[in-house]
Amino acid sequence: MPTEVILPQLGESVAEGVITRWLKKPGDVVAMDEPLVEITTDKVNVELPSPAAGIVQELRAQEGETVPVEQVIALIAEATEFAASNGKTAEAQAETETPETPEADTPRPMPASAAEVSAAEGRRVVFSPLVRRMAKEYNLDLESLTAAGLLRGSGENGRISKQDILDFVARRTAEPSAPSAAPSVAPAPLTGPEVVPVTPPTVHAAPKPVAAPAPADGTLASLPGMEPAETDNEIVVPFSGIRKMIADHLSRSAFTAPHVTTVAEADVTRLVAFRNANKESWEKEYGVRLTYTPFFVKAACDALLAFPMVNSTIQGDKIIAKKYVHMGVAVSLGEGGLIVPVIKDAHKKDLITLAREIETLAGKARDGRLAPADVQGGTFSITNPGVFGAIISTPIINAPQSAILGVEAIQKKPVVRDDDSIAIRSMMYLCLSYDHRVVDGETAIRFLQHIRRTLEDFKFFR
Amino acid sequence: MDVKTNASRRKGGADERVSGGEAAQSRRELLAGLYYQLWRVRHFEDSVARLNKQGKILGGVYSGRGQEAIVVGTVFGLRRDDMIAPVHRDIGAFLVKGMSARLVMAQIMARESAPSRGKDSWTHTGDIEIGIIGSTSMLASSMPIAVGAGLAARMQGMDSVVVSFFGEGSTARGDFHEALNFAGIHKAPCVWVCENNQYAYSTPTHLESPVPFYKRGEAYGMPSLAIDGNDVLTVYETTMQAVERARRGEGGTVIECVTYRMEGHSEADQATYRDRAEVEEWRKKDPILRLRSHMLANGFTEEELPEPAPSIIDEVRDAIDWATRSPLPDGRQAVEDIYDESAGVTHWASPYPNYVRIPWLGR
Amino acid sequence: MHEVTFLGAIREAIGEEMRRDPSVFVLGEDVGVYGGAFKVTDGFYKEFGAQRVIDTPISESAIVGVAIGAAIKGMRPIAEMQFMDFISCGFDQIVNEAATYRYRYGGNLSVPMVVRGPSGGNVHGGLFHSQSREAWFTQVAGLKVVMPATAYDAKGLLKASIRDNNPVIFFEHKYLYRRVKETIPDDDYIVPLGKARIASEGTDLTIITWGAMVQHCLSAAELLEEDALNVEVIDLRTLLPLDKTTILESVKKTNRAMIVYEAPRTGGYGGEIAAILAEEAFEYLDAPVVRVASVDAHVPFSPPLEKYYLPNVTDIVESARKLAKY
């Protein structure tokens with residue numbers, strides 16, 4: 001087999017060379033190390049010594065030609081070989097050569113990716129930092145959504161990616177029956193007395209089945225064992241979707257925060273009288289229906305500013321007590337569940353403004369038009385089981401808030417007054433559930449007293 | 001020039017004193033000048049040692065006590081445009097070359113007003129305007145830099161000379177050899193002043209080099225000699241000859257000044273590894289005493305030779321007061337003075353002087 | 001416009017700056033009569049003379065030290081390391097002298113100098129002619145560290161480095177020297193230090209790289225297009241100061257990041273970039289940050305060894321696929 005003469009790499013950076021002059025021509029006898037060709041590169045001019053003894057069989061580059069390093073520029077045959085191949089074309093000779101065994105690539109070690117590590121540890125749902133942030137933005141409960149199969153990951157081991165979230169949100173927007181934002185808690189709805197009472201699930205009643213939003217991608221139906229098996233005596237509804245989210249949220253809150261409920265009683269006779277006297281004029285003058293809710297919100301705001309611990313959040317090893325109030329107001333969605341829209345900076349707003357915002361938010365909630373921002377950032381919540389006739393309740397805190405105020409039904413009662421006379425007064429109970437890790441009993445009672453005094457003194461318009 | 005603007009914004013800027021050699025009109029003035037500077041350096045360094053013992057300054061203090069004749073004798077005769085590259089025991093060279101006692105004291109006391117603005121202490125700073133090239137703690141590492149500064153001066157058409165100081169211990173470092181070899185080849189205008197004070201910290205000379213230190217210079221084609229480093233007149237005259245030779249373009253000279261470190265390596269070193277008798281022997285060779293006797297024998301009176309002059313006491317006291325009153329830097333300045341983000345404009349001599357032709361380099 | 005190799009671009013930058021500014025000069029081993037081991041300074045001795053193209057003894061410490069001395073005296077020296085592997089012999093002068101001067105002088109001194117030379121492997125250079133040591137210098141305040149990937153950038157960045165008032169360590173990948181040929185403008189231009197370049201725009205994944213690895217990453221990006229993966233390749237160009245803005249903006253867009261570098265993985269500059277992403281873009285990461293680098297060994301000589309040692313296009317493609325799938 002002839003010896004290949006290659007253009008050597010004549011320096012670390014040299015990529016090519018120019019054939020300046022051939023010192024031998026085909027058929028010439030060449031000795032080992034005898035100069036064969038003159039090469040010029042950017043760095044050097046050299047004579048290449050022949051790598052073998054024999055007869056020059058073929059020159060594969062012309063003088064003046066630029067050749068990349070390691071390219072074959074000539075073939076040198078052994079004398080016998082040359083004789084044997086004499087008559088064959090050089091090309092044919094070259095073609096019969098056994099190609100050089102290709103260099104086998106040894107695979108390089110790669111670092112174990114986090115995916116492999118978690119796979120090795122067993123399946124565990126891990127959300128990337130980006131996905132967590134997006135979930136917060138879109139108000140998605142990742143754990144519930146994935147557990148319910150509503151949100152499925154396309155990544156390795158079913159990991160949720162950015163694209164998965166974007167797809168989910170897009171589907172949800174396209175699907176009007178899906179909630180526009182996941183509810184953050186499901187306490188009793190607070191609506192004005194004029195709102196036609198419905199019977200949504202409340203914390204103090206066994207939840208009535210609520211229709212789950214139809215999953216847009218049909219994943220739910222395809223899950224094994226999820227086919228409803230209804231009988232005459234039972235209704236089967238999937239425990240998933242919004243209902244599951246409500247459940248998870250409430251369970252987490254109930255099992256995380258030690259709840260205590262304290263009750264105070266307020267004499268709201270003047271408030272009732274004021275409302276009855278001004279109901280119609282308000283609607284004419286301000287274009288807003290006069291309900292009790294803005295009064296409760298206003299009174300609670302004043303009290304929260306005085307008792308910031310009731311308006312706080314636990315974050316790691318710190319308690320963040322707020323000097324502002326974003327007031328969550330529970331609203332019934334009828335058959336569609338419950339939602340708690342938030343009145344931002346409620347402490348800065350007057351009664352009329354509060355009344356208007358409550359009306360707007362409640363309307364948006366019922367029409368399913370709430371934006372994620374409308375239900376985010378609440379620092380405290382009010383729920384109104386009283387609207388359905390409850391007189392005392394123990395609401396569950398809307399985590400991560402630290403307290404929730406239940407306002408109960410207003411009832412006329414005989415009351416023994418300071419001068420021992422008996423009078424008929426409009427009375428109601430104020431029920432405060434609070435996270436006992438953060439709020440002490442005394443604080444809670446003083447907080448309630450503050451609200452009670454505000455309602456009784458009725459100084460809202462001063 | 002950027003450097004100048006920066007320098008003049010500092011309080012207590014560079015001392016404008018004309019360097020000694022140019023001012024000395026006569027031998028009498030020369031002697032008086034050397035005597036004054038010897039005392040100036042000693043009084044300053046003794047004051048620093050005292051402040052250190054009082055806990056008023058931080059960081060290392062490397063006394064040049066007993067070696068003053070070397071820094072005074074070599075620097076006294078230099079021009080303002082000549083440069084020096086002193087090392088840790090040469091704080092006195094800063095004073096003689098023209099940095100004010102205030103600034104040197106502020107430097108030692110880590111003040112914001114110091115030339116390094118508190119970034120480092122002692123001789124790790126300098127002032128290129130008055131020709132002071134600072135050192136680092138990597139001994140001999142400023143020697144290649146001295147070569148570069150000298151060659152640059154020549155490229156700029158100047159006949160400035162660089163005096164590079166080094167201890168005998170650092171002649172064992174590669175930078176010493178690389179610098180001298182480079183300088184020898186290119187006849188760099190550098191004078192190499194070896195301060196042989198007998199100890200590299202605690203290591204005695206016979207464990208530092210198998211040959212006399214000055215002989216190392218011969219390997220690099222330079223005239224090399226050892227002189228009495230405690231005789232300020234000998235130091236002055238020898239270095240002035242070497243400086244003039246370098247100025248003429250004839251290359252460098254290695255001068256080993258044999259002296260003795262009267263204190264420990266630093267204020268933290270009691271130097272118990274030395275024989276007391278050896279220390280006492282050298283105490284008799286004190287450079288100030290020797291110059292004083294010489295001057296008394298040559299027409300000076302006791303009154304003319306105060307120990308030290310009141311103006312020196314005032315100068316040092318003022319330096320201490322000024323530096324003490326100067327504020328420490330704000331911690332946030334730790335991230336200042338790292339990069340020069342000004343537009344990259346060549347900041348020397350314009351119009352540009354032609355490169356000086358150097359015959360032995362050919363064209 | 002004219003065609004030039006990577007090496008030719010470097011030669012042009014030095015030559016043009018020497019003609020423009022008489023304070024610029026070159027020193028190094030064999031840079032004069034011989035024109036440099038890689039012929040970067042070819043012809044300069046004839047044009048500028050021995051005073052400005054100084055052949056030095058084999059003394060890396062002195063080469064850097066002399067450059068520093070000249071710089072503080074107002075010159076703009078360019079010191080050549082025959083191979084950047086030898087920079088370790090001048091290390092003390094760079095990190096303890098050049099880098100600290102301005103700091104020690106309270107901002108009253110500048111050290112305008114460049115230490116440049118051929119770096120990197122893939123040329124069968126063996127242990128001491130193949131190293132990528134750029135990370136060593138990125139921890140040293142006061143230095144700037146530059147590593148171009150194209151001929152255009154090599155010229156513009158080197159000019160910017162020469163005109164910069166700080167010590168710049170300029171790594172030239174020798175694999176690119178004669179393999180890269182580009183058409184570049186005839187006019188004087190600079191590429192500012194501290195600004196990264198988007199070598200290829202993409203939306204799915206960001207590859208941050210520098211030096212010869214930029215070419216590899218661009219090849220990988222092309223292959224990945226077949227997977228419908230749209231890869232953004234960032235060529236850092238300057239490692240110190242680092243252009244964090246470009247990196248963060250890109251990763252905030254793509255949410256997946258990979259760093260490709262030729263130096264050994266451990267302690268490489270990629271680790272620093274990964275840390276910055278973790279600190280400043282955590283909530284934008286949809287997957288872990290991945291490094292593709294050389295193995296933790298020395299750059300070996302024998303071709304199969306060197307091939308195994310260095311990251312290649314296949315490594316980059318596979319890692320990118322994995323990262324995209326995560």
# chains A, B, ... in the order shown; residues from 1 in each chain; ligands from 1
call {"tool": "closest_atom_pairs", "arguments": {"of": "chain C", "to": "chain A", "cutoff": "7 Å", "atoms": "only C-alpha atoms", "output": "Markdown table"}}
result
| residue | atom | partner | partner_atom | distance |
| --- | --- | --- | --- | --- |
| C:Phe38 | CA | A:Lys43 | CA | 6.6 |
| C:Lys39 | CA | A:Lys43 | CA | 6.3 |
| C:Val123 | CA | A:Glu12 | CA | 5.2 |
| C:Gly125 | CA | A:Glu12 | CA | 6.3 |
| C:Lys174 | CA | A:Ser13 | CA | 5.3 |
| C:Tyr175 | CA | A:Ser13 | CA | 5.6 |
| C:Tyr177 | CA | A:Ser13 | CA | 5.7 |
| C:Arg178 | CA | A:Ala15 | CA | 5.9 |
| C:Arg179 | CA | A:Ala15 | CA | 5.9 |
| C:Phe282 | CA | A:Pro129 | CA | 6.0 |
| C:Glu283 | CA | A:Leu130 | CA | 4.5 |
| C:Tyr284 | CA | A:Leu130 | CA | 4.4 |
| C:Leu285 | CA | A:Leu130 | CA | 5.1 |
| C:Asp286 | CA | A:Ser128 | CA | 5.1 |
| C:Ala287 | CA | A:Ser128 | CA | 6.3 |
| C:Pro288 | CA | A:Ala114 | CA | 6.7 |
| C:Tyr308 | CA | A:Arg108 | CA | 6.2 |
| C:Lys325 | CA | A:Gly155 | CA | 5.6 |
| C:Tyr326 | CA | A:Gly155 | CA | 5.1 |
call {"tool": "residues_around", "arguments": {"residues": "Ser433 (chain A)", "least_positions_apart": "5", "cutoff": "10 Å", "atoms": "only C-alpha atoms", "output": "NGL selection string"}}
result
:A and (258-263 or 393-397 or 402-406 or 439 or 444)
call {"tool": "write_last_selection", "arguments": {"atoms": "N, CA and C atoms", "output": "compact mmCIF listing (two decimals), in the first residue's frame"}}
result
# COMPACT_ATOMS: atom_id res chain seq x y z
N PRO A 258 -53.21 28.06 64.04
CA PRO A 258 -54.13 27.73 65.15
C PRO A 258 -55.22 28.78 65.21
N HIS A 259 -56.42 28.38 64.90
CA HIS A 259 -57.54 29.33 64.84
C HIS A 259 -58.21 29.51 66.20
N VAL A 260 -58.52 30.75 66.51
CA VAL A 260 -59.38 31.04 67.66
C VAL A 260 -60.44 32.01 67.14
N THR A 261 -61.68 31.85 67.57
CA THR A 261 -62.71 32.80 67.16
C THR A 261 -63.25 33.50 68.41
N THR A 262 -63.25 34.81 68.33
CA THR A 262 -63.77 35.60 69.45
C THR A 262 -64.96 36.41 68.93
N VAL A 263 -65.96 36.55 69.80
CA VAL A 263 -67.20 37.17 69.35
C VAL A 263 -67.51 38.42 70.18
N SER A 393 -70.59 32.60 63.57
CA SER A 393 -69.85 31.63 62.75
C SER A 393 -68.38 31.68 63.14
N THR A 394 -67.65 30.67 62.71
CA THR A 394 -66.20 30.64 62.98
C THR A 394 -65.49 30.51 61.64
N PRO A 395 -65.31 31.63 60.93
CA PRO A 395 -64.72 31.56 59.59
C PRO A 395 -63.26 31.08 59.61
N ILE A 396 -62.81 30.56 58.49
CA ILE A 396 -61.41 30.14 58.35
C ILE A 396 -60.62 31.27 57.70
N ILE A 397 -59.46 31.49 58.25
CA ILE A 397 -58.62 32.61 57.80
C ILE A 397 -58.21 32.41 56.36
N SER A 402 -53.85 37.00 58.63
CA SER A 402 -53.84 36.54 60.01
C SER A 402 -55.19 36.58 60.70
N ALA A 403 -56.17 37.15 60.02
CA ALA A 403 -57.48 37.19 60.67
C ALA A 403 -58.57 37.40 59.64
N ILE A 404 -59.79 37.02 60.02
CA ILE A 404 -60.95 37.24 59.14
C ILE A 404 -62.12 37.63 60.03
N LEU A 405 -62.91 38.59 59.55
CA LEU A 405 -64.04 39.06 60.34
C LEU A 405 -65.33 38.54 59.72
N GLY A 406 -66.10 37.84 60.55
CA GLY A 406 -67.41 37.40 60.11
C GLY A 406 -68.46 38.39 60.64
N VAL A 439 -51.72 36.75 66.75
CA VAL A 439 -52.64 37.66 67.46
C VAL A 439 -53.00 37.05 68.82
N ALA A 444 -57.21 40.67 70.07
CA ALA A 444 -58.40 40.37 69.26
C ALA A 444 -59.64 41.04 69.86
call {"tool": "atom_distance", "arguments": {"atom1": "CA of Arg80 (chain B)", "atom2": "CA of Asp120 (chain B)"}}
result
24.7 Å
call {"tool": "residues_around", "arguments": {"residues": "Leu455 (chain A)", "least_positions_apart": "2", "cutoff": "10 Å", "atoms": "only C-alpha atoms", "output": "ChimeraX atom specification"}}
result
/A:266-271,295-296,298-300,449-453,457-460
call {"tool": "residues_around", "arguments": {"residues": "Ile184 (chain C)", "least_positions_apart": "2", "cutoff": "6 Å", "atoms": "only C-alpha atoms", "output": "ChimeraX atom specification"}}
result
/C:1-2,152
call {"tool": "residues_around", "arguments": {"residues": "Ala246 (chain B)", "least_positions_apart": "2", "cutoff": "10 Å", "atoms": "only C-alpha atoms", "output": "VMD selection string"}}
result
chain B and resid 150 159 to 162 187 to 191 240 to 244 248 to 253
call {"tool": "closest_residue", "arguments": {"among": "C:Ala67, C:Asp42, C:Gly15, C:Phe301", "to": "Phe128 (chain C)", "atoms": "only C-alpha atoms"}}
result
C:Phe301
call {"tool": "atom_distance", "arguments": {"atom1": "CA of Val260 (chain C)", "atom2": "CA of Asp153 (chain C)"}}
result
19.1 Å
call {"tool": "decode", "arguments": {"residues": "region 338-363 of chain A", "atoms": "N, CA and C atoms", "output": "short mmCIF file (atom, residue, chain, number, x, y, z; two decimals), in the first residue's frame"}}
result
data_model
loop_
_atom_site.label_atom_id
_atom_site.label_comp_id
_atom_site.auth_asym_id
_atom_site.auth_seq_id
_atom_site.Cartn_x
_atom_site.Cartn_y
_atom_site.Cartn_z
N LEU A 338 -66.81 30.59 44.88
CA LEU A 338 -66.65 31.77 45.72
C LEU A 338 -65.37 32.49 45.36
N ILE A 339 -65.38 33.76 45.59
CA ILE A 339 -64.14 34.48 45.32
C ILE A 339 -64.01 35.66 46.27
N VAL A 340 -62.80 36.07 46.51
CA VAL A 340 -62.57 37.16 47.45
C VAL A 340 -61.83 38.29 46.73
N PRO A 341 -62.55 39.16 46.05
CA PRO A 341 -61.86 40.30 45.45
C PRO A 341 -61.34 41.24 46.54
N VAL A 342 -60.38 42.04 46.13
CA VAL A 342 -59.67 42.86 47.12
C VAL A 342 -59.83 44.33 46.79
N ILE A 343 -60.19 45.10 47.81
CA ILE A 343 -60.24 46.56 47.66
C ILE A 343 -58.88 47.09 48.08
N LYS A 344 -58.13 47.61 47.11
CA LYS A 344 -56.78 48.08 47.39
C LYS A 344 -56.84 49.38 48.19
N ASP A 345 -55.94 49.50 49.16
CA ASP A 345 -55.84 50.72 49.96
C ASP A 345 -57.19 51.16 50.51
N ALA A 346 -57.92 50.21 51.04
CA ALA A 346 -59.26 50.49 51.55
C ALA A 346 -59.23 51.54 52.66
N HIS A 347 -58.12 51.57 53.41
CA HIS A 347 -58.05 52.50 54.54
C HIS A 347 -58.04 53.95 54.10
N LYS A 348 -57.74 54.20 52.83
CA LYS A 348 -57.66 55.58 52.37
C LYS A 348 -58.99 56.04 51.74
N LYS A 349 -59.95 55.12 51.66
CA LYS A 349 -61.13 55.44 50.86
C LYS A 349 -62.32 55.80 51.73
N ASP A 350 -63.13 56.74 51.23
CA ASP A 350 -64.32 57.11 52.00
C ASP A 350 -65.46 56.14 51.68
N LEU A 351 -66.55 56.29 52.42
CA LEU A 351 -67.66 55.34 52.33
C LEU A 351 -68.22 55.21 50.91
N ILE A 352 -68.39 56.35 50.28
CA ILE A 352 -69.00 56.31 48.94
C ILE A 352 -68.10 55.51 48.00
N THR A 353 -66.81 55.80 48.07
CA THR A 353 -65.87 55.10 47.20
C THR A 353 -65.89 53.61 47.50
N LEU A 354 -65.89 53.29 48.80
CA LEU A 354 -65.91 51.87 49.17
C LEU A 354 -67.17 51.20 48.62
N ALA A 355 -68.29 51.89 48.78
CA ALA A 355 -69.55 51.32 48.32
C ALA A 355 -69.50 51.06 46.82
N ARG A 356 -68.96 52.03 46.08
CA ARG A 356 -68.88 51.88 44.62
C ARG A 356 -67.98 50.71 44.25
N GLU A 357 -66.82 50.62 44.94
CA GLU A 357 -65.87 49.56 44.56
C GLU A 357 -66.41 48.19 44.89
N ILE A 358 -67.08 48.11 46.02
CA ILE A 358 -67.65 46.80 46.39
C ILE A 358 -68.67 46.38 45.34
N GLU A 359 -69.46 47.35 44.93
CA GLU A 359 -70.48 47.04 43.92
C GLU A 359 -69.83 46.59 42.61
N THR A 360 -68.77 47.34 42.20
CA THR A 360 -68.09 47.00 40.95
C THR A 360 -67.46 45.62 41.03
N LEU A 361 -66.74 45.37 42.13
CA LEU A 361 -66.03 44.09 42.25
C LEU A 361 -67.00 42.92 42.32
N ALA A 362 -68.09 43.12 43.07
CA ALA A 362 -69.06 42.04 43.19
C ALA A 362 -69.66 41.75 41.82
N GLY A 363 -69.90 42.82 41.06
CA GLY A 363 -70.44 42.65 39.71
C GLY A 363 -69.48 41.90 38.81
#
